[in-house]
Structure formats: C-alpha cells, structure tokens
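Next comes target.csv, a file with CSV, C-alpha atoms and all ligand atoms.
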chain,number,residue,atom,x,y,z
A,1,MET,CA,-122.9,68.9,82.8
A,2,VAL,CA,-122.5,71.9,80.4
A,3,GLN,CA,-118.7,71.5,80.6
A,4,SER,CA,-118.8,67.7,79.9
A,5,LEU,CA,-121.1,68.2,76.9
A,6,GLU,CA,-118.7,70.9,75.6
A,7,VAL,CA,-115.7,68.7,76.1
A,8,ARG,CA,-117.5,65.8,74.3
A,9,GLY,CA,-118.6,68.3,71.6
A,10,ARG,CA,-115.0,69.3,70.9
A,11,THR,CA,-113.5,65.8,70.8
A,12,PRO,CA,-112.4,65.1,67.2
A,13,ALA,CA,-113.9,61.6,67.1
A,14,GLN,CA,-117.2,63.0,68.4
A,15,VAL,CA,-117.2,65.9,65.9
A,16,ARG,CA,-116.8,63.4,63.0
A,17,LEU,CA,-119.7,61.2,64.4
A,18,ARG,CA,-122.0,64.2,64.8
A,19,ARG,CA,-121.3,65.6,61.4
A,20,ARG,CA,-121.6,62.3,59.7
A,21,PHE,CA,-125.0,61.9,61.2
A,22,LEU,CA,-126.1,65.4,60.2
A,23,ARG,CA,-125.0,64.6,56.6
A,24,PHE,CA,-126.9,61.3,56.8
A,25,VAL,CA,-130.2,63.1,57.7
A,26,PRO,CA,-129.5,65.3,55.6
A,27,VAL,CA,-129.9,68.9,56.8
A,28,ARG,CA,-129.7,71.5,54.0
A,29,ALA,CA,-129.2,75.2,53.5
A,30,GLY,CA,-132.3,77.4,54.1
A,31,GLN,CA,-134.2,74.8,56.2
A,32,ARG,CA,-136.0,75.3,59.5
A,33,VAL,CA,-134.7,72.7,62.0
A,34,LEU,CA,-135.6,71.8,65.6
A,35,GLU,CA,-133.2,70.0,68.0
A,36,VAL,CA,-135.0,68.5,71.0
A,37,GLY,CA,-132.8,68.1,74.1
A,38,CYS,CA,-130.2,70.6,72.9
A,39,GLY,CA,-128.2,70.7,76.1
A,40,SER,CA,-125.4,73.3,75.8
A,41,GLY,CA,-126.1,73.8,72.1
A,42,VAL,CA,-123.2,71.7,70.5
A,43,VAL,CA,-125.6,70.3,67.8
A,44,VAL,CA,-127.5,73.5,67.3
A,45,ARG,CA,-124.3,75.4,66.4
A,46,ASP,CA,-123.4,72.7,63.8
A,47,LEU,CA,-126.9,72.9,62.5
A,48,ALA,CA,-126.7,76.6,62.1
A,49,ALA,CA,-123.6,76.2,59.9
A,50,LEU,CA,-125.6,73.8,57.7
A,51,VAL,CA,-128.8,75.8,57.3
A,52,GLY,CA,-126.8,79.0,56.8
A,53,PRO,CA,-128.0,82.6,56.8
A,54,ARG,CA,-131.4,81.8,55.2
A,55,GLY,CA,-132.3,79.0,57.6
A,56,GLU,CA,-133.3,78.8,61.2
A,57,VAL,CA,-132.5,76.4,64.1
A,58,VAL,CA,-134.4,76.1,67.3
A,59,GLY,CA,-133.0,74.3,70.3
A,60,ILE,CA,-135.3,73.2,73.1
A,61,ASP,CA,-134.5,71.6,76.4
A,62,PRO,CA,-136.5,71.1,79.6
A,63,SER,CA,-133.6,72.4,81.7
A,64,ARG,CA,-133.7,76.2,82.0
A,65,SER,CA,-130.0,76.3,83.1
A,66,MET,CA,-129.0,74.3,80.0
A,67,VAL,CA,-130.9,76.7,77.7
A,68,GLU,CA,-129.3,79.7,79.4
A,69,ALA,CA,-125.8,78.2,79.0
A,70,ALA,CA,-126.5,77.3,75.3
A,71,ARG,CA,-127.7,80.9,74.6
A,72,ALA,CA,-124.6,82.3,76.3
A,73,LEU,CA,-122.2,80.0,74.4
A,74,ALA,CA,-123.8,81.0,71.1
A,75,ARG,CA,-123.6,84.7,71.8
A,76,THR,CA,-120.4,85.2,69.8
A,77,HIS,CA,-121.3,82.8,67.0
A,78,ALA,CA,-121.5,84.4,63.5
A,79,LEU,CA,-125.0,82.8,62.9
A,80,ARG,CA,-126.4,83.5,66.4
A,81,ARG,CA,-129.4,85.4,64.8
A,82,ARG,CA,-130.4,82.1,63.1
A,83,MET,CA,-130.6,80.3,66.5
A,84,ARG,CA,-133.6,80.4,68.8
A,85,TRP,CA,-133.8,78.8,72.3
A,86,ARG,CA,-136.8,77.6,74.3
A,87,VAL,CA,-137.4,75.8,77.6
A,88,ALA,CA,-139.8,72.8,77.0
A,89,PRO,CA,-140.0,69.1,77.4
A,90,GLY,CA,-139.8,66.9,74.3
A,91,ALA,CA,-143.2,65.4,74.9
A,92,SER,CA,-144.9,68.8,74.8
A,93,LEU,CA,-143.4,71.0,72.1
A,94,PRO,CA,-144.6,74.6,72.0
A,95,PHE,CA,-144.9,74.7,68.2
A,96,ALA,CA,-147.7,74.4,65.6
A,97,GLY,CA,-147.9,71.3,63.6
A,98,GLY,CA,-145.7,71.0,60.4
A,99,ARG,CA,-143.4,74.0,61.3
A,100,PHE,CA,-140.0,72.3,60.7
A,101,ASP,CA,-138.3,70.7,57.7
A,102,ALA,CA,-136.3,68.5,60.1
A,103,THR,CA,-136.6,67.6,63.8
A,104,LEU,CA,-133.7,65.9,65.6
A,105,ALA,CA,-132.9,64.5,69.0
A,106,VAL,CA,-129.2,63.7,69.6
A,107,THR,CA,-128.2,61.5,72.6
A,108,VAL,CA,-131.5,62.3,74.3
A,109,LEU,CA,-133.9,59.4,74.0
A,110,LEU,CA,-131.8,57.0,76.1
A,111,HIS,CA,-132.5,59.4,79.0
A,112,VAL,CA,-136.3,59.6,78.5
A,113,ALA,CA,-138.9,57.3,80.2
A,114,ASP,CA,-141.4,57.6,77.3
A,115,PRO,CA,-139.4,58.1,74.1
A,116,GLU,CA,-142.6,57.2,72.0
A,117,ALA,CA,-144.2,60.4,73.4
A,118,VAL,CA,-141.2,62.5,72.4
A,119,VAL,CA,-141.0,61.0,68.9
A,120,ARG,CA,-144.8,61.5,68.4
A,121,GLU,CA,-144.3,65.3,69.1
A,122,MET,CA,-141.3,65.4,66.8
A,123,VAL,CA,-143.4,63.9,64.0
A,124,ARG,CA,-146.3,66.4,64.7
A,125,VAL,CA,-144.1,69.5,64.4
A,126,THR,CA,-142.4,68.2,61.2
A,127,ARG,CA,-143.9,69.1,57.8
A,128,PRO,CA,-145.2,66.2,55.6
A,129,GLY,CA,-142.1,65.1,53.6
A,130,GLY,CA,-139.8,66.4,56.3
A,131,ARG,CA,-137.4,64.3,58.3
A,132,VAL,CA,-137.3,63.1,61.9
A,133,ALA,CA,-133.9,62.0,63.0
A,134,VAL,CA,-132.6,60.5,66.2
A,135,GLN,CA,-129.1,59.4,67.4
A,136,ASP,CA,-128.1,57.6,70.6
A,137,GLN,CA,-125.2,55.8,72.0
A,138,ASP,CA,-125.9,52.1,72.9
A,139,PHE,CA,-124.2,51.2,76.1
A,140,GLY,CA,-124.6,47.5,75.5
A,141,THR,CA,-121.8,47.9,72.9
A,142,VAL,CA,-119.0,49.3,75.1
A,143,ALA,CA,-115.7,47.5,74.6
A,144,VAL,CA,-112.8,48.5,76.7
A,145,THR,CA,-109.5,46.9,77.6
A,146,HIS,CA,-108.9,46.4,81.3
A,147,PRO,CA,-106.9,43.7,83.3
A,148,ASP,CA,-110.0,43.1,85.6
A,149,ARG,CA,-112.8,42.2,83.2
A,150,ALA,CA,-115.3,41.2,85.9
A,151,SER,CA,-115.1,44.5,87.7
A,152,THR,CA,-115.2,46.4,84.4
A,153,GLU,CA,-118.4,44.6,83.3
A,154,ARG,CA,-120.0,45.1,86.8
A,155,ILE,CA,-119.2,48.8,86.8
A,156,MET,CA,-119.9,49.6,83.1
A,157,TRP,CA,-123.2,47.7,82.9
A,158,GLY,CA,-124.3,48.4,86.5
A,159,VAL,CA,-123.9,52.2,86.1
A,160,ALA,CA,-125.5,52.2,82.6
A,161,THR,CA,-128.7,50.4,83.8
A,162,ARG,CA,-129.0,52.8,86.7
A,163,MET,CA,-128.2,56.0,84.8
A,164,TYR,CA,-130.3,55.6,81.6
A,165,GLU,CA,-133.9,54.8,81.0
A,166,GLU,CA,-132.8,52.6,78.1
A,167,PRO,CA,-129.1,51.8,77.8
A,168,HIS,CA,-129.9,49.8,74.6
A,169,SER,CA,-131.7,52.8,73.1
A,170,GLY,CA,-129.4,53.1,70.1
A,171,ARG,CA,-130.3,49.7,68.5
A,172,ARG,CA,-134.0,50.3,69.0
A,173,LEU,CA,-134.2,53.7,67.2
A,174,PRO,CA,-135.3,52.4,63.8
A,175,ALA,CA,-138.2,50.4,65.3
A,176,LEU,CA,-139.2,53.5,67.3
A,177,LEU,CA,-139.4,55.7,64.2
A,178,ARG,CA,-141.3,53.0,62.2
A,179,ALA,CA,-143.8,52.7,65.1
A,180,ALA,CA,-144.3,56.4,64.9
A,181,GLY,CA,-145.5,56.1,61.3
A,182,LEU,CA,-142.4,57.4,59.5
A,183,GLU,CA,-141.5,56.1,56.1
A,184,GLY,CA,-138.2,55.1,54.5
A,185,VAL,CA,-136.5,54.6,57.8
A,186,ARG,CA,-132.7,54.3,57.4
A,187,LEU,CA,-130.0,53.4,60.0
A,188,LEU,CA,-126.4,54.7,60.3
A,189,THR,CA,-124.2,52.8,62.7
A,190,ASP,CA,-121.0,54.6,63.8
A,191,VAL,CA,-118.3,53.8,66.3
A,192,PHE,CA,-116.6,56.1,68.8
A,193,GLN,CA,-113.0,55.0,69.2
A,194,ASP,CA,-110.3,56.2,71.6
A,195,THR,CA,-106.8,54.7,72.2
A,196,THR,CA,-105.1,57.4,74.2
A,197,LEU,CA,-107.5,58.2,77.1
A,198,GLU,CA,-108.1,61.7,75.7
A,199,PRO,CA,-110.2,64.2,77.8
A,200,PHE,CA,-113.7,63.0,76.8
A,201,ALA,CA,-112.8,59.2,77.4
A,202,LYS,CA,-111.0,60.1,80.6
A,203,SER,CA,-113.9,62.0,82.1
A,204,PHE,CA,-116.4,59.4,80.8
A,205,LEU,CA,-114.5,56.6,82.8
A,206,GLU,CA,-114.0,58.9,85.8
A,207,ARG,CA,-117.8,59.6,85.9
A,208,ARG,CA,-118.5,55.8,85.6
A,209,ALA,CA,-116.2,55.2,88.6
A,210,ALA,CA,-117.8,58.0,90.7
A,211,ASN,CA,-121.3,56.7,89.8
A,212,ALA,CA,-120.3,53.1,90.6
A,213,VAL,CA,-119.3,54.3,94.1
A,214,SER,CA,-122.5,56.4,94.6
A,215,PHE,CA,-124.7,53.5,93.4
A,216,GLY,CA,-122.9,51.1,95.8
A,217,ILE,CA,-121.5,48.9,93.0
A,218,VAL,CA,-117.9,49.2,94.3
A,219,ASP,CA,-116.3,51.2,97.2
A,220,ALA,CA,-114.0,54.2,96.6
A,221,PRO,CA,-110.6,52.4,96.8
A,222,ALA,CA,-111.9,49.7,94.3
A,223,ALA,CA,-113.1,52.5,91.9
A,224,GLN,CA,-109.7,54.2,92.1
A,225,LYS,CA,-107.9,50.9,91.5
A,226,TRP,CA,-110.1,50.3,88.5
A,227,LEU,CA,-109.2,53.8,87.1
A,228,ASP,CA,-105.5,53.1,87.7
A,229,GLY,CA,-105.8,50.0,85.6
A,230,PHE,CA,-106.6,52.2,82.5
A,231,THR,CA,-103.7,54.5,83.2
A,232,GLU,CA,-101.3,51.5,83.2
A,233,LEU,CA,-102.7,50.3,79.8
A,234,VAL,CA,-102.3,53.7,78.3
A,235,ALA,CA,-98.7,53.8,79.4
A,236,LEU,CA,-98.2,50.5,77.6
A,237,GLY,CA,-100.0,51.7,74.5
A,238,ASP,CA,-102.7,49.0,75.0
A,239,PHE,CA,-105.8,51.1,75.8
A,240,VAL,CA,-108.9,50.7,73.6
A,241,LEU,CA,-112.3,52.1,74.2
A,242,THR,CA,-115.1,51.8,71.6
A,243,PHE,CA,-118.9,52.1,71.6
A,244,ASN,CA,-121.5,52.3,69.0
A,245,TYR,CA,-123.7,55.3,68.0
A,246,TYR,CA,-126.9,54.5,66.1
A,247,GLY,CA,-128.6,57.2,64.0
A,248,ALA,CA,-132.0,56.7,62.4
A,249,VAL,CA,-134.0,58.9,60.1
A,250,GLY,CA,-137.5,58.6,58.6
A,251,VAL,CA,-139.7,60.7,56.4
A,252,LYS,CA,-143.1,62.1,57.6
A,253,PRO,CA,-145.7,60.8,55.2
A,254,HIS,CA,-148.1,63.1,53.4
A,255,ALA,CA,-151.7,62.8,54.6
A,256,GLY,CA,-153.9,60.7,52.3
A,257,PRO,CA,-152.9,59.4,48.8
A,258,ARG,CA,-150.2,61.4,47.2
A,259,ARG,CA,-151.1,63.2,43.9
A,260,GLY,CA,-148.8,62.2,41.0
A,261,PRO,CA,-147.8,64.5,38.1
A,262,ALA,CA,-150.8,66.1,36.2
A,263,THR,CA,-151.9,63.9,33.2
A,264,ARG,CA,-154.3,64.7,30.4
B,1,LIG,C1,-126.7,64.2,76.8
B,1,LIG,S1,-127.6,65.7,76.7
B,1,LIG,C2,-127.5,65.9,74.9
B,1,LIG,C3,-127.3,67.4,74.5
B,1,LIG,C4,-127.1,67.6,73.0
B,1,LIG,N1,-128.2,67.1,72.3
B,1,LIG,C5,-125.8,67.1,72.6
B,1,LIG,O1,-125.7,66.1,71.9
B,1,LIG,O2,-124.8,67.8,72.9
B,1,LIG,C6,-129.2,65.2,76.9
B,1,LIG,C7,-130.2,66.4,77.0
B,1,LIG,O3,-131.5,65.9,77.0
B,1,LIG,C8,-132.3,66.7,77.8
B,1,LIG,N2,-133.5,66.0,78.1
B,1,LIG,C9,-133.7,65.1,79.1
B,1,LIG,N3,-135.0,64.7,79.1
B,1,LIG,C10,-135.6,65.3,78.1
B,1,LIG,C11,-137.0,65.3,77.6
B,1,LIG,N4,-137.9,64.5,78.1
B,1,LIG,N5,-137.2,66.1,76.5
B,1,LIG,C12,-136.3,66.8,75.9
B,1,LIG,N6,-135.0,66.9,76.4
B,1,LIG,C13,-134.7,66.1,77.5
B,1,LIG,C14,-131.4,67.0,79.0
B,1,LIG,O4,-131.8,68.2,79.7
B,1,LIG,C15,-130.1,67.2,78.3
B,1,LIG,O5,-129.8,68.5,78.1
Can you present the structure in this file as structure tokens?
Amino acid sequence: MVQSLEVRGRTPAQVRLRRRFLRFVPVRAGQRVLEVGCGSGVVVRDLAALVGPRGEVVGIDPSRSMVEAARALARTHALRRRMRWRVAPGASLPFAGGRFDATLAVTVLLHVADPEAVVREMVRVTRPGGRVAVQDQDFGTVAVTHPDRASTERIMWGVATRMYEEPHSGRRLPALLRAAGLEGVRLLTDVFQDTTLEPFAKSFLERRAANAVSFGIVDAPAAQKWLDGFTELVALGDFVLTFNYYGAVGVKPHAGPRRGPATR
C-alpha cells in the first residue's frame, strides 16, 4: 500500500492533479494545516512546501504502519521539522477546536463508512474563516479502451462497489460540505489521463484484475486475458484510461452575526 501510494504520488499526471487542488483550496505560507488520512505522506510533503518554514502540517491516519512509513519517508525532507504525525481516525481528531487554518482529506472519504462524521470533525478543528477541503476520485467516471467491453464493465464496476464504501464519492463532495454547514462551497473537477500504461495505471489495472479474481467476478485465466487486452492496445497506440477527480472546498462560518467595519 505504501509503495502504491508513493508510485501514484510520483506519477506526473497525479502530481499536477494534486497541486492544482492545493492551489484551489488555497493553502498559503505560514498556515497550520491538517491532512486527515495522510497515508504515506505524499500530500503532507507537498503541503509542507506550501506552508514553508513558518507554517506547520499535521498528518493523521488510523493506520500506525502508514504513519510510521510517512515519518520515515519525510526524514530527509528539508521541511521535516514543520511536519507532525499522529495515529487517529478521522471521526475522532485529537485536537482542540479551531486549531487549523485548513483541514484536508485527499482520496480518503470514498473509503469511509460515515464520511459525515469525518467532515464534522474536520470542521470542528478548523478555525472560523478557515477552509475544509476534500478530494476524491469518482469510479463511476472510469473510461478505458478494451476490446471486451462487457468484461471491462463487470470487472471495473464490480471491484469498485466491493472495494469502496462510496465509489461515487467524488461527485457527492460539494453536498457533503454544504450539509456540514460550510459556506461558499466550490467544486474543481479534474481528469486523470494516461495513454501509455505508465506504472501507476499499470498497477491500478493489475490490482483491479487481482481483486476481480479474489471477489469471484472472474477466474484467474480470464483476468490475465483481460490484462493482455490492454497490452495489445498499448502496442497499437490505442490505449486510453481516464477518470475524474472532484475537489470541493468550503469556508467555516464565524459563529453568530459577523461584525462589519467600525462606523461612527
Ligand atoms: C488512498 S489513501 C490516501 C493517502 C493520502 N491522502 C494520499 O492521497 O496519498 C487513504 C488513507 O485513508 C486512511 N483512512 C481510512 N479510513 C480512514 C478514516 N476513517 N479516517 C482517516 N483516515 C482513514 C487509510 O488508512 C489510508 O492511509
């Protein structure tokens, strides 16, 4: 898992998607930022570069082994002293209210049974006027070329519905933030695209094939034949894989009526 997150993190199309989302939030120099579900720390390392030497980034994840891997991967980073790591679930954040200028969850909520509870906690630990930002893939948007369309749909959708709590999470993020009481909710739709079966796309499709076998959707020879279909398309230059990422951001309201500028 750590390795696949790092491979994804290094993939140029993914670097662009992630950085576009962080600019959209936006995260600024000197801020205190929390990333919920930090995994191996790919996003925390980008955030550290944005908040700089006067800022602070905290990564939390319920998986102790993920947090240990993230800490180890950050050990040689120039801004490692600006990064903190904690083991905790998103629905129970170990921080006082209003501690962060921005709170993010990147490709996390689609895995979570109760995303409302995680967003509620993200809102609580964000200061009034601060931002809560979430980004997810939406596996209802996968478009991929393959000679056997029926098997492709059965595998892709069959695996997605068994692997994720909400494979359509991406398109639902703006509603989730509005329901949590955030104001000025905005949406950024972005597309991951690959035409060469580069390492991230290759391992993504290989994991789909392996999962399809373990979920009993197809048997092992059928899964291998399905993977071979992609290799043939790549050789012809006809391979296309795309899917959408949705990023949503909202502002935590100030309690009570806001005071305007002083008048006499
Ligand atoms: C796909 S990884 C994303 C890691 C990182 N945000 C990134 O984009 O590279 C999803 C992470 O969410 C974490 N996670 C799962 N359930 C969670 C929950 N309820 N609260 C917080 N994190 C959770 C997992 O342990 C995993 O590290």
* **6 Å contact set for segment 56-67 of chain A, all atoms listed in the file, chain neighbours under 3 positions out, as an NGL selection string** => :A and (32-40 or 70 or 82-89)
So that I have them on file, write out the residues from the current selection with C-alpha atoms, as a PDB file, keeping the file's coordinate frame.
ATOM      1  CA  ARG A  32    -136.000  75.300  59.500  1.00  0.00           C
ATOM      2  CA  VAL A  33    -134.700  72.700  62.000  1.00  0.00           C
ATOM      3  CA  LEU A  34    -135.600  71.800  65.600  1.00  0.00           C
ATOM      4  CA  GLU A  35    -133.200  70.000  68.000  1.00  0.00           C
ATOM      5  CA  VAL A  36    -135.000  68.500  71.000  1.00  0.00           C
ATOM      6  CA  GLY A  37    -132.800  68.100  74.100  1.00  0.00           C
ATOM      7  CA  CYS A  38    -130.200  70.600  72.900  1.00  0.00           C
ATOM      8  CA  GLY A  39    -128.200  70.700  76.100  1.00  0.00           C
ATOM      9  CA  SER A  40    -125.400  73.300  75.800  1.00  0.00           C
ATOM     10  CA  ALA A  70    -126.500  77.300  75.300  1.00  0.00           C
ATOM     11  CA  ARG A  82    -130.400  82.100  63.100  1.00  0.00           C
ATOM     12  CA  MET A  83    -130.600  80.300  66.500  1.00  0.00           C
ATOM     13  CA  ARG A  84    -133.600  80.400  68.800  1.00  0.00           C
ATOM     14  CA  TRP A  85    -133.800  78.800  72.300  1.00  0.00           C
ATOM     15  CA  ARG A  86    -136.800  77.600  74.300  1.00  0.00           C
ATOM     16  CA  VAL A  87    -137.400  75.800  77.600  1.00  0.00           C
ATOM     17  CA  ALA A  88    -139.800  72.800  77.000  1.00  0.00           C
ATOM     18  CA  PRO A  89    -140.000  69.100  77.400  1.00  0.00           C
TER      19      PRO A  89
END
* Closest of A:Pro53, A:Gly184, A:Pro115, A:Gly247 to ligand LIG 1 (chain B) - atom-to-atom distances counting all atoms listed in the file -> A:Pro115
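Nearest residue to Val240 of chain A, choosing from A:Val144, A:Ala29, A:Val15, A:Ala74 and counting all atoms listed in the file: A:Val144.
Across the structure, atom CA of Val125 of chain A and atom CA of Gly250 of chain A are spaced 14.0 Å apart.
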Contact check, segment 205-256 of chain A to segment 155-167 of chain A, at most 9 Å, counting all atoms listed in the file, closest pairs as CSV:
residue,atom,partner,partner_atom,distance
A:Leu205,CA,A:Met156,CA,8.8
A:Arg208,CA,A:Val159,CA,6.5
A:Ala209,CA,A:Ile155,CA,7.3
A:Asn211,CA,A:Val159,CA,6.4
A:Ala212,CA,A:Val159,CA,5.8
A:Phe215,CA,A:Val159,CA,7.5
A:Ile217,CA,A:Ile155,CA,6.6
A:Val218,CA,A:Ile155,CA,7.6
A:Ala223,CA,A:Ile155,CA,8.8
* Mind giving me the straight-line distance from atom CA of Arg127 of chain A to atom CA of Gly97 of chain A in Å, one decimal? =>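 So the two atoms, atom CA of Arg127 of chain A and atom CA of Gly97 of chain A, lie 7.4 Å apart.
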* Protein and nucleic acid residues near (-112.6, 56.1, 75.3) (cut-off 10 Å, all atoms listed in the file) as JSON, numbers by chain -> {"A": [13, 142, 143, 144, 145, 192, 193, 194, 195, 196, 197, 198, 199, 200, 201, 202, 203, 204, 205, 239, 240, 241, 242, 243]}
* Nearest to ligand LIG 1 (chain B), chosen from A:Gln3, A:Thr11, A:Thr141, A:Thr107, with all atoms listed in the file counted in the distances -> A:Thr107
Got a minute to add N, CA and C atoms to segment 54-68 of chain A and dump it as a compact mmCIF listing (two decimals), keeping the file's coordinate frame?
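Listing of part39.txt after writing:
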# COMPACT_ATOMS: atom_id res chain seq x y z
N ARG A 54 -130.01 81.79 55.58
CA ARG A 54 -131.40 81.80 55.20
C ARG A 54 -132.24 80.77 56.00
N GLY A 55 -131.57 80.00 56.84
CA GLY A 55 -132.30 79.00 57.60
C GLY A 55 -132.51 79.42 59.03
N GLU A 56 -133.06 78.47 59.82
CA GLU A 56 -133.30 78.80 61.20
C GLU A 56 -133.21 77.48 62.03
N VAL A 57 -132.60 77.57 63.20
CA VAL A 57 -132.50 76.40 64.10
C VAL A 57 -133.04 76.76 65.45
N VAL A 58 -133.90 75.89 65.96
CA VAL A 58 -134.40 76.10 67.30
C VAL A 58 -133.93 74.96 68.19
N GLY A 59 -133.37 75.33 69.35
CA GLY A 59 -133.00 74.30 70.30
C GLY A 59 -133.92 74.39 71.52
N ILE A 60 -134.46 73.24 71.92
CA ILE A 60 -135.30 73.20 73.10
C ILE A 60 -134.72 72.22 74.11
N ASP A 61 -134.91 72.53 75.38
CA ASP A 61 -134.50 71.60 76.40
C ASP A 61 -135.33 71.90 77.67
N PRO A 62 -135.68 70.85 78.42
CA PRO A 62 -136.50 71.10 79.60
C PRO A 62 -135.73 71.81 80.74
N SER A 63 -134.39 71.80 80.65
CA SER A 63 -133.60 72.40 81.70
C SER A 63 -133.31 73.88 81.38
N ARG A 64 -133.86 74.77 82.22
CA ARG A 64 -133.70 76.20 82.00
C ARG A 64 -132.17 76.57 82.03
N SER A 65 -131.41 75.96 82.97
CA SER A 65 -130.00 76.30 83.10
C SER A 65 -129.23 75.89 81.84
N MET A 66 -129.62 74.75 81.25
CA MET A 66 -129.00 74.30 80.00
C MET A 66 -129.25 75.33 78.89
N VAL A 67 -130.51 75.74 78.78
CA VAL A 67 -130.90 76.70 77.70
C VAL A 67 -130.14 78.00 77.89
N GLU A 68 -130.03 78.44 79.13
CA GLU A 68 -129.30 79.70 79.40
C GLU A 68 -127.83 79.56 79.00
